[in-house]
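Contents: one structure, followed by commentary.
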Amino acid sequence: MTGAGKRSGAEQKWTNPLRDPHDRRLPRIAGPSALVIFGVTGDLARRKLMPAIYDLANRGLLPPSFALVGFARRDWGDADFADIVREAVEANCRTEFREEVWGRLAEGIRFVAGSFEDDAAFAELQDTLTALDRERGTDGNHAYYLSIPPKAFPVVLSQLRRTGMADPSGESWRRVVIEKPFGHDLESAVELNALVNSVFAEESVFRIDHYLGKETVQNILALRFANQLFDPLWSSHYVDHVQITMAEDIGLGGRAGYYDGIGAARDVIQNHLLQLLALVAMEEPVSFSPRHLQIEKIKVLSSTRNIHPIAENSARGQYGPGWQGSDKVIGLKDEEGFAADSTTETFAAIALEVDTRRWAGVPFYLRTGKRLGRRVTEIALVFKRAPHLPFDDTMTAELGQNALVIRVQPDEGVTLRFGSKVPGNSMEVRDVNMDFSYGEAFTVSSPEAYERLLLDVLLGEPSLFPVNEEVELSWQILDPVLAEWTREGNPDEYESGTWGPASADEMLSRTGRTWRRP
């Protein structure tokens, strides 16, 4: 067996003297391997990928034989690229910068100059990897990170196939890493999946969703399945509705050209939020193996439906001028590079239902947006109201609904909101919070999402990566909403610094519900 399902002996047995044996955050160590980054001059590579590679090395989780190869249309040599990597690492790494660690990592850094259409450049890349296998002992284990626009996928994949760089030999492996978006709609996603799988077997394809690498997201599984306390409550018997929110307080800035034509729903709901929904709504897996987790997520996504009519159960908007804290900010139409007549949304909200015995009748509300009240990602299970039979109205006038809130970012943790008696002679009940914070409960920091995901790629552990079927099911859910919005015309405008357009509030108010204001 080749690909992700096979590990070489080096992966299984290698130990690194740099690694702290008591550090259980990322307990396994990658074996001999080389990582090739296409799009190495981009913002993602500089801010996330290069620093994550260094932090893994600094934690002792990469072997001395690890190699990093950059590919781009730049007139650089190996030393020039190493300087670029060092600059990015020093600016963005999360662990202490140590010269001895950097020196070992720099020995395996290479650069290949050329365009994606340049056959000679790919021949040089092949020679470079062959030399690394021979000189540094990377054993033919190569991962290719496509940090490039989806339109460039076909040419890069065809070059890897033409040169044989996608084909493992013996016990070696070859893997490909793809950044979102995974297509533009269902049709393009099917075409993209077919293209990728024509070059790499599905078990060797890693679709990066960095949200799935966040510690708090993975804690959903621990919270649900390691605690008998929550299991009986985690259903339609007690849950009134679920809200999943990813809010940003920034605008598009210099990303207007990329974002126009994509929008908030494609950028966030199709991948991040639907994956979070699947983790919240899934049944307990047989084990936490990649296949068993994927089976349960696929069951949820297969059972998820839009609540009709879609026009009344969805909302979209574009941010206008306003105040972000103490700063006055411009609206979307004034952002450089954004078309004045664009209908691309910066806020999106949809209502879904999961047709399973556990969740029948419980709406799931998903929303995301830019220039909202604050930066926050959270999952809130809002429980049904108690009948308050022993209480009169004055005793519970201030009491809201109980809620269990999983804070994904920032201030990662869990909050439980419930009613408690106010001190005094009268029986008055008000909402209070019981709070768990990762930063206070644990003395060690969580690994950054890209550290975990890159290590999983090198180890061949696809637990946190969506497979073909998950991607296509997500588009099946979102496509009808996008079609409805196309018929509707222009999105509503909302003031920067608020929580979205009025249509989003109306979407919930029709059922007597309201959005949380985190």
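Residues in the structure tokens are named by chain (A, B, ... in the order shown) and by number from 1 within that chain; ligands are numbered from 1 in the order shown.
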
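In the backbone-derived DSSP annotation, strand (DSSP E or B) within segment 41-226 of chain A comprises A:Ala67, A:Leu68, A:Val69, A:Gly70, A:Phe71, A:Ala72, A:Ile109, A:Arg110, A:Phe111, A:Val112, A:Ala113, A:His142, A:Ala143, A:Tyr144, A:Tyr145, A:Leu146, A:Arg174, A:Arg175, A:Val176, A:Val177, A:Ile178, A:Glu179, A:Val205, A:Phe206, A:Arg207, A:Ile208.
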
Spatial neighbours of segment 502-517 of chain A, max dist 12 Å, only C-alpha atoms, sep filter under 4 positions, as an MDAnalysis selection string: chainID A and resid 240:247 307:318 347:351 362:369 372:385 400:401 403 405 491:495 498

Include C-alpha atoms and write out the residues we just selected as a PDB file, in the first residue's frame.
ATOM      1  CA  ASP A 240     -33.982  24.741  20.958  1.00  0.00           C
ATOM      2  CA  HIS A 241     -31.515  25.763  18.252  1.00  0.00           C
ATOM      3  CA  VAL A 242     -27.805  25.975  17.452  1.00  0.00           C
ATOM      4  CA  GLN A 243     -25.901  29.078  16.331  1.00  0.00           C
ATOM      5  CA  ILE A 244     -22.494  28.806  14.659  1.00  0.00           C
ATOM      6  CA  THR A 245     -20.791  32.156  14.148  1.00  0.00           C
ATOM      7  CA  MET A 246     -17.533  33.229  12.558  1.00  0.00           C
ATOM      8  CA  ALA A 247     -17.253  37.003  12.758  1.00  0.00           C
ATOM      9  CA  ILE A 307     -35.071  25.414   5.659  1.00  0.00           C
ATOM     10  CA  HIS A 308     -37.584  26.704   3.109  1.00  0.00           C
ATOM     11  CA  PRO A 309     -38.431  29.179   1.819  1.00  0.00           C
ATOM     12  CA  ILE A 310     -34.752  29.962   1.411  1.00  0.00           C
ATOM     13  CA  ALA A 311     -35.427  33.675   0.833  1.00  0.00           C
ATOM     14  CA  GLU A 312     -36.833  33.982   4.368  1.00  0.00           C
ATOM     15  CA  ASN A 313     -34.281  31.658   5.953  1.00  0.00           C
ATOM     16  CA  SER A 314     -31.098  33.236   4.658  1.00  0.00           C
ATOM     17  CA  ALA A 315     -29.575  36.702   4.635  1.00  0.00           C
ATOM     18  CA  ARG A 316     -26.660  38.432   2.980  1.00  0.00           C
ATOM     19  CA  GLY A 317     -25.118  41.872   3.086  1.00  0.00           C
ATOM     20  CA  GLN A 318     -22.220  44.137   2.236  1.00  0.00           C
ATOM     21  CA  PHE A 347     -22.075  38.798   5.352  1.00  0.00           C
ATOM     22  CA  ALA A 348     -23.955  35.531   4.939  1.00  0.00           C
ATOM     23  CA  ALA A 349     -26.407  33.654   7.147  1.00  0.00           C
ATOM     24  CA  ILE A 350     -28.368  30.489   6.432  1.00  0.00           C
ATOM     25  CA  ALA A 351     -30.798  28.273   8.363  1.00  0.00           C
ATOM     26  CA  VAL A 362     -33.804  21.890  15.654  1.00  0.00           C
ATOM     27  CA  PRO A 363     -32.697  24.730  13.350  1.00  0.00           C
ATOM     28  CA  PHE A 364     -28.981  25.316  12.872  1.00  0.00           C
ATOM     29  CA  TYR A 365     -28.179  28.955  12.139  1.00  0.00           C
ATOM     30  CA  LEU A 366     -24.833  29.624  10.449  1.00  0.00           C
ATOM     31  CA  ARG A 367     -23.490  33.156   9.952  1.00  0.00           C
ATOM     32  CA  THR A 368     -20.243  34.795   8.973  1.00  0.00           C
ATOM     33  CA  GLY A 369     -19.232  38.308   8.072  1.00  0.00           C
ATOM     34  CA  LEU A 372     -18.854  42.938  12.428  1.00  0.00           C
ATOM     35  CA  GLY A 373     -18.904  43.890  16.099  1.00  0.00           C
ATOM     36  CA  ARG A 374     -15.834  41.895  17.057  1.00  0.00           C
ATOM     37  CA  ARG A 375     -13.622  39.015  15.965  1.00  0.00           C
ATOM     38  CA  VAL A 376     -15.074  35.807  17.337  1.00  0.00           C
ATOM     39  CA  THR A 377     -15.847  32.241  16.332  1.00  0.00           C
ATOM     40  CA  GLU A 378     -18.212  30.290  18.534  1.00  0.00           C
ATOM     41  CA  ILE A 379     -20.731  27.450  18.610  1.00  0.00           C
ATOM     42  CA  ALA A 380     -23.752  28.027  20.848  1.00  0.00           C
ATOM     43  CA  LEU A 381     -26.253  25.353  21.798  1.00  0.00           C
ATOM     44  CA  VAL A 382     -29.266  27.316  23.039  1.00  0.00           C
ATOM     45  CA  PHE A 383     -31.568  25.210  25.201  1.00  0.00           C
ATOM     46  CA  LYS A 384     -35.326  25.261  25.428  1.00  0.00           C
ATOM     47  CA  ARG A 385     -36.862  27.450  28.086  1.00  0.00           C
ATOM     48  CA  GLY A 400     -32.719  34.098  29.220  1.00  0.00           C
ATOM     49  CA  GLN A 401     -32.242  30.648  27.754  1.00  0.00           C
ATOM     50  CA  ALA A 403     -26.701  28.002  26.577  1.00  0.00           C
ATOM     51  CA  VAL A 405     -21.025  28.094  24.159  1.00  0.00           C
ATOM     52  CA  PRO A 491     -27.346  42.263  -0.978  1.00  0.00           C
ATOM     53  CA  ASP A 492     -28.413  44.564   1.859  1.00  0.00           C
ATOM     54  CA  GLU A 493     -25.952  47.078   3.281  1.00  0.00           C
ATOM     55  CA  TYR A 494     -25.040  47.039   6.954  1.00  0.00           C
ATOM     56  CA  GLU A 495     -23.027  49.525   8.956  1.00  0.00           C
ATOM     57  CA  THR A 498     -22.634  46.230  13.775  1.00  0.00           C
TER      58      THR A 498
END

Can you list, as a PyMOL selection string, every protein, DNA or RNA residue that comes within 9 Å of segment 408-419 of chain A when you count only C-alpha atoms, leaving out same-chain residues fewer than 6 positions away? chain A and resi 211+214-217+246+375-379+396+399-402+429-439

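Across A:Ala265, A:Met165, A:Leu195, A:Val190, the tightest approach to Phe153 of chain A is made by A:Leu195 when counting only C-alpha atoms.
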
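Note that the spacing between atom CA of Leu301 of chain A and atom CA of His210 of chain A amounts to 19.2 Å.
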